[in-house]
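> Handing you a structure now.
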Amino acid sequence: MAISASVRALPQALFLSSSPNSPPLPLPLPTSSLSFRCSLSPLPLSASHALHRRDASRSRVHRIFTCRSSHSGAAGGTRGALTPELKESLDKFMSSHKVVLFMKGTKMFPQCGFSNTVVQILNSLNTPFETVNILEDDALRMGLKEYSNWPTFPQLYIDGEFFGGCDITLAAYQSGELQELLEKAMCS
């Protein structure tokens, strides 16, 4: 897939840096202006598989949820997609990580503008966080919608609690609430 020069240059246009040594800060843009980035098609399977193999920790996380969720069989909707085994795996994973982002793509290669925005926010706050690519497992994706009672992605969890999606995260970042919550979570 060829990406036009204007799309490749977009991330630099969306972020400003307050000084040459500081991390880029997201501009307060309306979320709708970012939505067209979600229309980029994912990598072909072979390229996606190669990225998956390079990121061992993400691969380990994906295997945990794939093993637990492979029998859910909820092809038609989200009802019943959250099996007891998947719920137990999610609870255990959430309790072992302070900040978790379920997103489309990875930290290094977000496949959605909304996911990219949340990754950039967390990076600008120097927050260590785990990511899980929900595009790799339909059962996990459907089960998470039921687990959080939230229909869209990305989904950010802080200290085991669902925090919100891109809009909520962006608003909390702009108000300073997100930084306070993350600092509190890291100290606990």
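The chains in the structure tokens are called A, B, ... from first to last as shown; in each chain the residues are counted from 1, and the ligands are counted from 1 in the order shown.
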Can you tell me which residues surround range 93-101 of chain A at a distance of at most 12 Å, considering only C-alpha atoms, apart from same-chain residues fewer than 5 positions away, and format the answer as an MDAnalysis selection string?
chainID A and resid 58 60:62 64:65 68 86:88 106:107 110 114:123 126:134 144 147 153:166 169 178 181:188
> Here is a test: counting only C-alpha atoms, which residue of A:Lys92, A:Phe109, A:Ala171, A:Lys104 is nearest to Asp138 in chain A?
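Nearest to Asp138 in chain A: A:Lys104.
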> Just asking: which residues within range 73-116 of chain A are strand (DSSP E or B) according to DSSP, as JSON, numbers by chain?
{"A": [99, 100, 101, 102, 103, 105, 110]}
> May I ask for the distance between CA of Leu90 in chain A and CA of Tyr173 in chain A, given in Å to one decimal place?
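Computing the Euclidean distance for CA of Leu90 in chain A and CA of Tyr173 in chain A yields 25.4 Å.
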> When you count only C-alpha atoms, which of these residues is closest to Lys145 in chain A: A:Met108, A:Ala81, A:Met103, A:Ala172?
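Under the stated criterion, the closest residue is A:Ala81.
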> Quick check, in Å to one decimal: how far apart do CA of Gly80 in chain A and CA of Glu146 in chain A lie?
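Taking CA of Gly80 in chain A as the start and CA of Glu146 in chain A as the end point, the length is 8.2 Å.
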